[in-house]
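The file input_16.cif contains mmCIF, C-alpha atoms:
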data_protein
loop_
_atom_site.label_atom_id
_atom_site.label_comp_id
_atom_site.auth_asym_id
_atom_site.auth_seq_id
_atom_site.Cartn_x
_atom_site.Cartn_y
_atom_site.Cartn_z
CA MET A 82 81.80 112.18 84.55
CA ARG A 83 82.58 111.49 80.90
CA ILE A 84 81.76 108.24 79.11
CA ARG A 85 83.42 107.79 75.73
CA THR A 86 82.39 105.27 73.11
CA ARG A 87 83.71 103.25 70.19
CA ALA A 88 81.92 101.57 67.32
CA ALA A 89 78.23 100.84 67.81
CA ARG A 90 78.65 97.23 66.80
CA HIS A 91 80.32 96.46 70.13
CA ALA A 92 77.35 97.86 72.02
CA ALA A 93 75.06 95.70 69.89
CA LEU A 94 77.08 92.63 70.78
CA ALA A 95 76.80 93.50 74.46
CA VAL A 96 73.02 93.89 74.15
CA ALA A 97 72.77 90.40 72.72
CA ALA A 98 74.98 89.01 75.47
CA ALA A 99 73.03 90.80 78.17
CA SER A 100 69.79 89.14 77.06
CA ALA A 101 71.23 85.89 78.43
CA LEU A 102 70.87 87.21 81.98
CA VAL A 103 68.17 85.42 83.94
CA ALA A 104 67.13 86.65 87.40
CA GLY A 105 70.39 88.51 87.75
CA LEU A 106 72.57 85.42 87.43
CA LEU A 107 75.19 85.15 84.73
CA VAL A 108 75.31 82.07 82.57
CA ALA A 109 78.91 81.16 81.84
CA SER A 110 79.98 80.95 78.24
CA ALA A 111 83.19 79.99 76.49
CA GLY A 112 85.81 82.48 75.41
CA THR A 113 85.82 85.09 78.21
CA GLY A 114 88.86 83.70 80.02
CA ASP A 115 87.57 84.79 83.45
CA ALA A 116 84.94 82.25 84.48
CA ALA A 117 86.47 78.84 85.14
CA THR A 118 84.62 75.57 84.71
CA ALA A 119 84.52 73.22 87.66
CA ALA A 120 86.56 70.07 87.20
CA ALA A 121 84.92 66.70 87.63
CA GLY A 122 85.59 64.51 90.62
CA PRO A 123 86.30 65.29 94.28
CA ALA A 124 87.24 68.82 95.30
CA SER A 125 90.92 69.65 95.04
CA VAL A 126 93.15 71.59 97.41
CA PRO A 127 96.17 73.79 96.67
CA GLY A 128 99.62 72.23 96.56
CA THR A 129 103.03 73.78 97.19
CA PRO A 130 103.59 77.06 95.28
CA ARG A 131 106.22 77.00 92.55
CA THR A 132 107.96 80.22 91.53
CA VAL A 133 107.20 81.11 87.92
CA SER A 134 108.98 84.47 87.98
CA SER A 135 110.71 86.82 90.44
CA GLY A 136 112.06 90.38 90.41
CA TRP A 137 108.66 92.13 90.26
CA SER A 138 107.58 95.29 92.07
CA ILE A 139 103.89 95.31 93.10
CA PRO A 140 102.41 93.13 90.33
CA TRP A 141 98.76 94.18 90.71
CA GLY A 142 96.71 93.08 87.69
CA LEU A 143 96.86 89.85 85.66
CA SER A 144 94.85 88.81 82.61
CA TRP A 145 95.35 85.92 80.20
CA LEU A 146 96.10 86.09 76.49
CA PRO A 147 94.85 83.34 74.16
CA ASN A 148 98.36 81.86 73.84
CA GLY A 149 98.46 81.05 77.56
CA SER A 150 100.76 83.87 78.60
CA ALA A 151 99.61 86.62 80.94
CA LEU A 152 99.67 90.41 80.85
CA ILE A 153 100.74 91.74 84.26
CA THR A 154 100.75 95.34 85.52
CA GLU A 155 103.17 96.83 88.05
CA ARG A 156 101.35 99.45 90.11
CA ASP A 157 104.01 102.08 90.80
CA ALA A 158 106.12 101.61 87.67
CA PHE A 159 103.05 101.92 85.36
CA THR A 160 104.43 99.09 83.21
CA VAL A 161 102.74 96.16 81.50
CA SER A 162 104.67 92.95 80.82
CA THR A 163 103.95 89.56 79.32
CA LEU A 164 104.81 86.48 81.36
CA GLY A 165 104.90 83.09 79.71
CA GLN A 166 104.19 79.75 81.32
CA ASP A 167 107.94 79.09 81.14
CA GLY A 168 108.71 82.24 83.14
CA THR A 169 109.79 84.40 80.19
CA LYS A 170 109.06 88.03 81.04
CA LYS A 171 108.99 90.92 78.56
CA GLN A 172 107.95 94.51 79.15
CA VAL A 173 105.56 95.61 76.39
CA GLY A 174 104.84 99.21 77.35
CA LYS A 175 103.74 101.79 79.87
CA VAL A 176 100.26 103.19 80.39
CA PRO A 177 100.14 106.99 79.96
CA ASP A 178 98.62 109.50 82.41
CA VAL A 179 99.11 107.25 85.44
CA VAL A 180 99.98 108.78 88.81
CA THR A 181 100.50 107.31 92.26
CA THR A 182 98.73 108.48 95.39
CA GLY A 183 101.47 107.61 97.87
CA GLY A 184 99.22 104.78 99.01
CA GLU A 185 97.12 102.41 96.90
CA GLY A 186 96.70 104.28 93.62
CA GLY A 187 98.61 103.78 90.37
CA LEU A 188 98.33 101.28 87.53
CA LEU A 189 95.90 98.72 88.89
CA SER A 190 94.04 96.06 86.94
CA ILE A 191 94.16 94.86 83.33
CA ALA A 192 91.64 92.87 81.28
CA VAL A 193 92.19 91.27 77.88
CA SER A 194 89.25 91.65 75.48
CA PRO A 195 87.27 88.43 74.94
CA SER A 196 87.66 89.26 71.22
CA TRP A 197 91.38 89.98 71.43
CA LYS A 198 92.24 87.80 68.44
CA THR A 199 90.28 90.18 66.21
CA ASP A 200 90.29 93.55 68.02
CA HIS A 201 93.60 93.34 69.98
CA TYR A 202 92.13 95.44 72.79
CA VAL A 203 93.20 95.40 76.40
CA TYR A 204 91.59 97.44 79.17
CA VAL A 205 93.24 99.05 82.18
CA MET A 206 92.04 100.76 85.34
CA HIS A 207 94.40 103.32 86.83
CA THR A 208 94.77 106.49 88.85
CA ALA A 209 95.14 109.67 86.80
CA PRO A 210 95.73 113.31 87.80
CA GLU A 211 92.00 114.04 88.17
CA GLY A 212 90.78 110.67 89.50
CA ASN A 213 90.53 107.01 88.55
CA ARG A 214 89.92 105.95 84.94
CA ILE A 215 89.06 102.94 82.85
CA ALA A 216 90.85 103.06 79.51
CA ARG A 217 91.42 100.93 76.44
CA MET A 218 94.67 100.25 74.59
CA THR A 219 95.75 98.10 71.68
CA PHE A 220 98.20 95.24 72.21
CA ASP A 221 99.39 93.70 68.96
CA GLY A 222 101.29 90.88 70.68
CA THR A 223 104.45 92.94 70.94
CA LYS A 224 103.70 96.43 72.23
CA LEU A 225 100.96 98.62 73.70
CA SER A 226 99.59 101.64 71.83
CA GLY A 227 96.49 103.75 71.22
CA TYR A 228 95.37 104.88 74.69
CA LYS A 229 91.69 105.92 74.91
CA VAL A 230 89.71 106.85 78.03
CA LEU A 231 86.36 105.08 78.32
CA VAL A 232 85.20 106.11 81.80
CA ASP A 233 86.49 108.78 84.17
CA GLY A 234 84.99 110.79 87.00
CA ILE A 235 85.77 108.07 89.55
CA LYS A 236 87.15 109.94 92.56
CA LYS A 237 90.57 108.98 93.89
CA ASN A 238 92.27 109.25 97.25
CA LYS A 239 95.45 107.97 98.88
CA TYR A 240 93.58 104.79 99.77
CA HIS A 241 90.33 103.02 98.79
CA ASN A 242 90.60 103.17 95.01
CA GLY A 243 89.24 99.68 94.32
CA GLY A 244 90.63 98.97 90.87
CA ARG A 245 89.75 95.47 89.64
CA ILE A 246 88.33 95.08 86.12
CA LYS A 247 87.26 91.82 84.47
CA PHE A 248 85.11 90.66 81.61
CA GLY A 249 82.22 88.55 82.79
CA PRO A 250 80.74 85.47 81.13
CA ASP A 251 78.22 87.82 79.48
CA GLY A 252 80.98 89.62 77.55
CA LEU A 253 80.50 92.80 79.59
CA LEU A 254 83.20 94.64 81.53
CA TYR A 255 82.91 94.89 85.32
CA ALA A 256 84.90 97.25 87.55
CA THR A 257 85.24 97.66 91.31
CA THR A 258 85.56 101.17 92.75
CA GLY A 259 86.46 102.23 96.27
CA GLU A 260 84.73 105.03 98.14
CA ALA A 261 87.91 107.14 98.05
CA GLN A 262 87.96 107.52 101.86
CA THR A 263 84.60 109.28 101.67
CA PRO A 264 82.19 106.68 103.07
CA ASP A 265 78.96 108.45 102.11
CA LEU A 266 79.82 108.05 98.41
CA ALA A 267 79.15 104.32 98.70
CA GLN A 268 75.43 105.04 99.23
CA ASP A 269 75.22 107.85 96.67
CA LYS A 270 73.77 106.45 93.46
CA LYS A 271 74.94 109.54 91.56
CA SER A 272 78.56 108.69 92.39
CA LEU A 273 80.69 106.02 90.69
CA ASN A 274 82.55 105.38 93.95
CA GLY A 275 81.93 102.49 96.33
CA LYS A 276 80.31 100.50 93.56
CA ILE A 277 80.59 97.61 91.16
CA LEU A 278 80.17 98.99 87.65
CA ARG A 279 78.99 97.04 84.61
CA MET A 280 79.49 98.31 81.08
CA THR A 281 79.69 97.44 77.41
CA PRO A 282 83.18 97.13 75.89
CA ASP A 283 83.00 100.77 74.79
CA GLY A 284 82.26 102.06 78.28
CA ARG A 285 78.49 102.53 77.99
CA PRO A 286 76.12 101.46 80.77
CA ALA A 287 75.24 97.83 80.13
CA PRO A 288 71.68 97.04 79.05
CA GLY A 289 69.64 95.86 82.01
CA ASN A 290 71.69 97.66 84.66
CA PRO A 291 69.38 98.26 87.64
CA PHE A 292 69.73 102.06 87.81
CA HIS A 293 70.05 102.77 84.06
CA SER A 294 73.63 103.91 84.65
CA LEU A 295 77.00 102.21 85.05
CA LEU A 296 76.05 101.09 88.57
CA TYR A 297 75.45 97.38 89.16
CA SER A 298 75.65 97.22 92.97
CA TYR A 299 76.48 99.74 95.69
CA GLY A 300 77.35 100.14 99.36
CA HIS A 301 80.94 98.92 98.94
CA ARG A 302 83.95 100.21 100.88
CA ASN A 303 87.04 99.08 98.97
CA PRO A 304 86.37 96.07 96.73
CA GLN A 305 89.44 94.72 94.93
CA GLY A 306 88.31 91.27 93.81
CA ILE A 307 85.60 89.84 91.56
CA THR A 308 85.14 86.43 89.97
CA TRP A 309 82.42 84.13 88.62
CA ASP A 310 81.79 80.56 89.62
CA ALA A 311 80.86 77.76 87.22
CA GLN A 312 77.16 78.60 87.54
CA GLY A 313 77.75 82.25 86.69
CA HIS A 314 77.34 83.72 90.18
CA LEU A 315 79.39 86.86 90.76
CA TRP A 316 81.51 86.85 93.94
CA GLU A 317 83.36 89.85 95.38
CA GLY A 318 86.09 90.31 97.99
CA GLU A 319 85.97 93.53 99.99
CA LEU A 320 88.31 95.24 102.43
CA GLY A 321 86.58 96.30 105.63
CA ASP A 322 87.59 99.04 108.04
CA SER A 323 88.56 97.88 111.53
CA LYS A 324 86.25 94.91 112.10
CA TYR A 325 85.41 92.64 109.19
CA ASP A 326 86.42 91.90 105.62
CA GLU A 327 83.82 90.31 103.38
CA LEU A 328 83.09 87.78 100.68
CA ASN A 329 79.88 88.90 98.97
CA LEU A 330 77.57 87.28 96.45
CA ILE A 331 76.76 90.17 94.12
CA GLU A 332 73.28 90.62 92.70
CA PRO A 333 72.15 93.58 90.59
CA GLY A 334 70.79 96.59 92.43
CA LYS A 335 71.57 95.34 95.91
CA ASN A 336 73.04 97.48 98.70
CA TYR A 337 76.00 95.88 100.50
CA GLY A 338 75.83 98.16 103.50
CA TRP A 339 78.86 100.40 103.80
CA PRO A 340 79.15 102.64 105.81
CA GLU A 341 76.07 101.55 107.79
CA CYS A 342 77.26 97.95 108.00
CA GLU A 343 80.67 96.29 108.21
CA GLY A 344 80.11 92.56 108.07
CA ASN A 345 76.76 91.13 109.08
CA CYS A 346 74.07 93.52 110.29
CA SER A 347 70.29 93.61 110.62
CA THR A 348 69.60 96.93 108.90
CA ASP A 349 66.68 96.79 106.49
CA GLY A 350 67.70 96.96 102.84
CA MET A 351 71.30 95.88 103.44
CA THR A 352 72.73 92.64 101.98
CA ASN A 353 74.92 90.62 104.31
CA PRO A 354 78.17 88.95 103.21
CA LYS A 355 78.31 85.20 102.68
CA ARG A 356 81.49 85.07 104.76
CA GLN A 357 83.41 87.55 106.91
CA TRP A 358 86.83 87.66 108.56
CA PRO A 359 88.55 89.84 111.16
CA VAL A 360 90.66 92.31 109.17
CA LYS A 361 93.89 90.98 110.70
CA ASP A 362 93.23 87.63 109.03
CA ALA A 363 92.43 88.86 105.55
CA SER A 364 92.37 92.35 103.97
CA PRO A 365 91.51 90.69 100.66
CA SER A 366 92.54 91.81 97.20
CA ALA A 367 91.81 89.48 94.26
CA VAL A 368 89.49 86.48 94.25
CA ALA A 369 89.38 83.62 91.73
CA TYR A 370 87.18 80.59 91.20
CA ALA A 371 88.59 77.12 90.55
CA ASP A 372 87.27 73.59 91.00
CA GLY A 373 84.36 74.33 93.31
CA ALA A 374 85.96 77.00 95.48
CA ILE A 375 86.68 80.70 95.70
CA TYR A 376 90.33 81.53 96.35
CA MET A 377 90.95 84.86 98.08
CA ALA A 378 94.40 86.49 98.30
CA ALA A 379 94.98 88.24 101.63
CA LEU A 380 97.27 91.23 102.12
CA ARG A 381 97.47 91.92 105.85
CA GLY A 382 96.49 88.31 106.56
CA GLU A 383 99.37 87.02 104.37
CA ARG A 384 97.51 83.85 103.40
CA LEU A 385 95.40 82.34 100.65
CA TRP A 386 91.85 81.51 101.68
CA ARG A 387 89.94 78.66 100.06
CA ILE A 388 86.15 78.95 100.41
CA PRO A 389 84.06 76.12 98.90
CA VAL A 390 80.91 77.37 97.16
CA ASP A 391 77.77 75.51 96.21
CA GLY A 392 75.14 77.55 94.43
CA THR A 393 74.68 80.67 96.53
CA THR A 394 76.20 79.11 99.66
CA ALA A 395 79.78 79.66 100.83
CA GLY A 396 81.22 76.90 103.00
CA THR A 397 83.86 76.92 105.71
CA PRO A 398 87.01 78.86 104.75
CA LYS A 399 90.45 77.32 105.14
CA ALA A 400 93.73 79.24 105.10
CA TYR A 401 96.89 78.18 103.24
CA TYR A 402 100.49 79.50 103.31
CA THR A 403 99.90 81.72 106.36
CA ASN A 404 102.89 84.08 106.72
CA ASP A 405 104.91 82.01 104.26
CA TYR A 406 105.09 84.42 101.31
CA GLY A 407 104.04 87.81 102.68
CA ARG A 408 101.32 89.98 101.21
CA LEU A 409 99.27 88.19 98.55
CA ARG A 410 97.64 90.46 95.96
CA THR A 411 96.33 88.75 92.85
CA VAL A 412 95.11 85.22 92.24
CA GLU A 413 93.77 83.95 88.92
CA SER A 414 92.85 80.51 87.62
CA VAL A 415 95.01 79.27 84.75
CA PRO A 416 92.94 78.61 81.59
CA GLY A 417 92.83 74.93 80.69
CA ARG A 418 94.59 73.81 83.86
CA ASN A 419 93.56 73.00 87.40
CA SER A 420 96.03 75.59 88.64
CA LEU A 421 96.28 79.13 89.97
CA TRP A 422 98.73 81.95 89.52
CA LEU A 423 99.34 84.02 92.64
CA THR A 424 101.30 87.27 93.02
CA THR A 425 102.84 88.93 96.05
CA THR A 426 103.10 92.67 96.67
CA ASN A 427 105.74 92.80 99.35
CA ALA A 428 107.31 95.82 97.62
CA ASP A 429 104.33 98.01 98.54
CA ASN A 430 104.23 100.47 101.43
CA ASN A 431 103.19 97.85 103.96
CA GLY A 432 105.37 95.01 102.73
CA GLY A 433 108.85 96.30 103.43
CA GLY A 434 110.37 94.05 100.81
CA GLY A 435 111.84 96.71 98.55
CA ALA A 436 111.85 97.00 94.77
CA GLY A 437 112.07 93.69 92.93
CA SER A 438 111.05 91.60 95.93
CA ASP A 439 107.80 90.26 94.49
CA LYS A 440 107.09 86.94 92.81
CA VAL A 441 104.54 85.15 90.67
CA PHE A 442 103.74 81.62 91.83
CA GLN A 443 101.93 78.70 90.24
CA ILE A 444 99.80 76.54 92.51
CA ASP A 445 98.52 73.22 91.22
CA LEU A 446 95.23 72.03 92.68
CA LYS A 447 95.38 68.37 93.63
#
Using structure tokens, write down the structure that the file contains.
Amino acid sequence: MRIRTRAARHAALAVAAASALVAGLLVASAGTGDAATAAAGPASVPGTPRTVSSGWSIPWGLSWLPNGSALITERDAFTVSTLGQDGTKKQVGKVPDVVTTGGEGGLLSIAVSPSWKTDHYVYVMHTAPEGNRIARMTFDGTKLSGYKVLVDGIKKNKYHNGGRIKFGPDGLLYATTGEAQTPDLAQDKKSLNGKILRMTPDGRPAPGNPFHSLLYSYGHRNPQGITWDAQGHLWEGELGDSKYDELNLIEPGKNYGWPECEGNCSTDGMTNPKRQWPVKDASPSAVAYADGAIYMAALRGERLWRIPVDGTTAGTPKAYYTNDYGRLRTVESVPGRNSLWLTTTNADNNGGGGAGSDKVFQIDLK
């Protein structure tokens, strides 16, 4: 494993931000773009999706720019495009050194720096010839440039590459990694696979990490979704094997069970999910928080799950749009609005939709 750095001042900023952690819970702060604030009044529910843009092929990652437009990755084309609120799409570059795996690998997630207005950095997680990487690039508002690897040594495989990166309310970068079809890696604390990683913006282990490494939690199979609620709790969506998919409340240093446990179990030292689903009903990718609930995009289940959360409790899930739009990959809350953006990936191997068959929807919460 190699960990590469940038200027020490960024690490110092992360140290200051990390000191705000209390008992492992993140306190939400303004400016990160990833932790939504709950709206006042009664809980809302999702309305009818409206197409923002069509003609996409496996739009996998989505992160917001300060001007309200989004950067979106396409997994197998290795491209990054901007998409405006009015539906205007513009390709701004390709990420170098990306390869596919013939399954779930490729150009996965993207995260805009919380300090983008001054540093113009964006972060990507992708599959490379030797494994999976987290890298940084510069986006000047027009084009991508200046590729730099921050973390590598994350094993890859045809499936189970994880791949979601997001900045948390603490200003630190989080990443989900799959166990690369090697289940024992999830329990191996020397491996970066089957984990949630937490790092400074230059790729260093974050101060206060429980194992004095990049590892934040372990025992994960194939996590593809993370989000924070209004109280700063970290929630994660995880693809199970043949029995149960999971919604987990992530706390530092905890073991989430794989491969010993899939869903709830009574094994000592294992942390049970807050909610679980039969895999036919979910196979979750991204999760997002908005207005008192976690929204979970389901691939095989072809539906959007709404799970109300209150503190550390997850309420009764309810499904929306079942079989209406195909495989749902990424969901993100829209900054400053009580709305979500939702992408399909019907052009992937299991979707059968063909190139250009995917869409980006807006869903207003009412």
The PyMOL selection byres ((chain A and resi 157-167) around 9) applied to the shown file, residues as a ChimeraX atom specification: /A:133-134,138-139,148-156,168-177,179-181,186-189,191,207,225,429
Between atom CA of Lys440 of chain A and atom CA of Gly212 of chain A - distance in Å to one decimal: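 Atom CA of Lys440 of chain A lies 29.0 Å from atom CA of Gly212 of chain A.
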Given all atoms listed in the file as the counted atoms, nearest of A:Lys361, A:Lys247, A:Lys335, A:Lys224 to Tyr299 of chain A: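 Result for the nearest residue to Tyr299 of chain A: A:Lys335.
The space separating atom CA of Ala374 of chain A from atom CA of Gly306 of chain A comes to 14.6 Å.
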Nearest-residue call for Arg214 of chain A, choices A:Gly432, A:Gly284, A:Pro195, A:Gly338, using only C-alpha atoms: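 Ranking A:Gly432, A:Gly284, A:Pro195, A:Gly338 by distance to Arg214 of chain A, first place goes to A:Gly284.
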Contacts of Asn404 of chain A within 8 Å, all atoms listed in the file, excl. fewer than 3 positions in-chain, as an MDAnalysis selection string: chainID A and resid 382:384 407
Among the residues A:Leu385, A:Ile277, A:Ala261, A:Val368, the one that comes closest to Gly184 of chain A [using only C-alpha atoms]: A:Ala261
Atomic separation - atom CA of Lys239 of chain A relative to atom CA of Leu320 of chain A, Å: 15.0 Å
Hits of the PyMOL selection byres ((chain A and resi 287) around 10) in this structure, as a ChimeraX atom specification: /A:92,95-96,98-99,253-255,278-286,288-291,293-297
I'd like the contact shell of segment 410-414 of chain A - 6 Å cut-off, only C-alpha atoms, skipping same-chain residues fewer than 5 positions apart - returned as an mmCIF file with C-alpha atoms, in the frame of the given file.
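Saved result, out-v4.cif, follows:
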data_model
loop_
_atom_site.group_PDB
_atom_site.id
_atom_site.type_symbol
_atom_site.label_atom_id
_atom_site.label_comp_id
_atom_site.auth_asym_id
_atom_site.auth_seq_id
_atom_site.Cartn_x
_atom_site.Cartn_y
_atom_site.Cartn_z
ATOM 1 C CA SER A 366 92.540 91.810 97.200
ATOM 2 C CA ALA A 367 91.810 89.480 94.260
ATOM 3 C CA ALA A 369 89.380 83.620 91.730
ATOM 4 C CA ALA A 378 94.400 86.490 98.300
ATOM 5 C CA SER A 420 96.030 75.590 88.640
ATOM 6 C CA LEU A 421 96.280 79.130 89.970
ATOM 7 C CA TRP A 422 98.730 81.950 89.520
ATOM 8 C CA LEU A 423 99.340 84.020 92.640
ATOM 9 C CA THR A 424 101.300 87.270 93.020
ATOM 10 C CA THR A 425 102.840 88.930 96.050
ATOM 11 C CA THR A 426 103.100 92.670 96.670
#
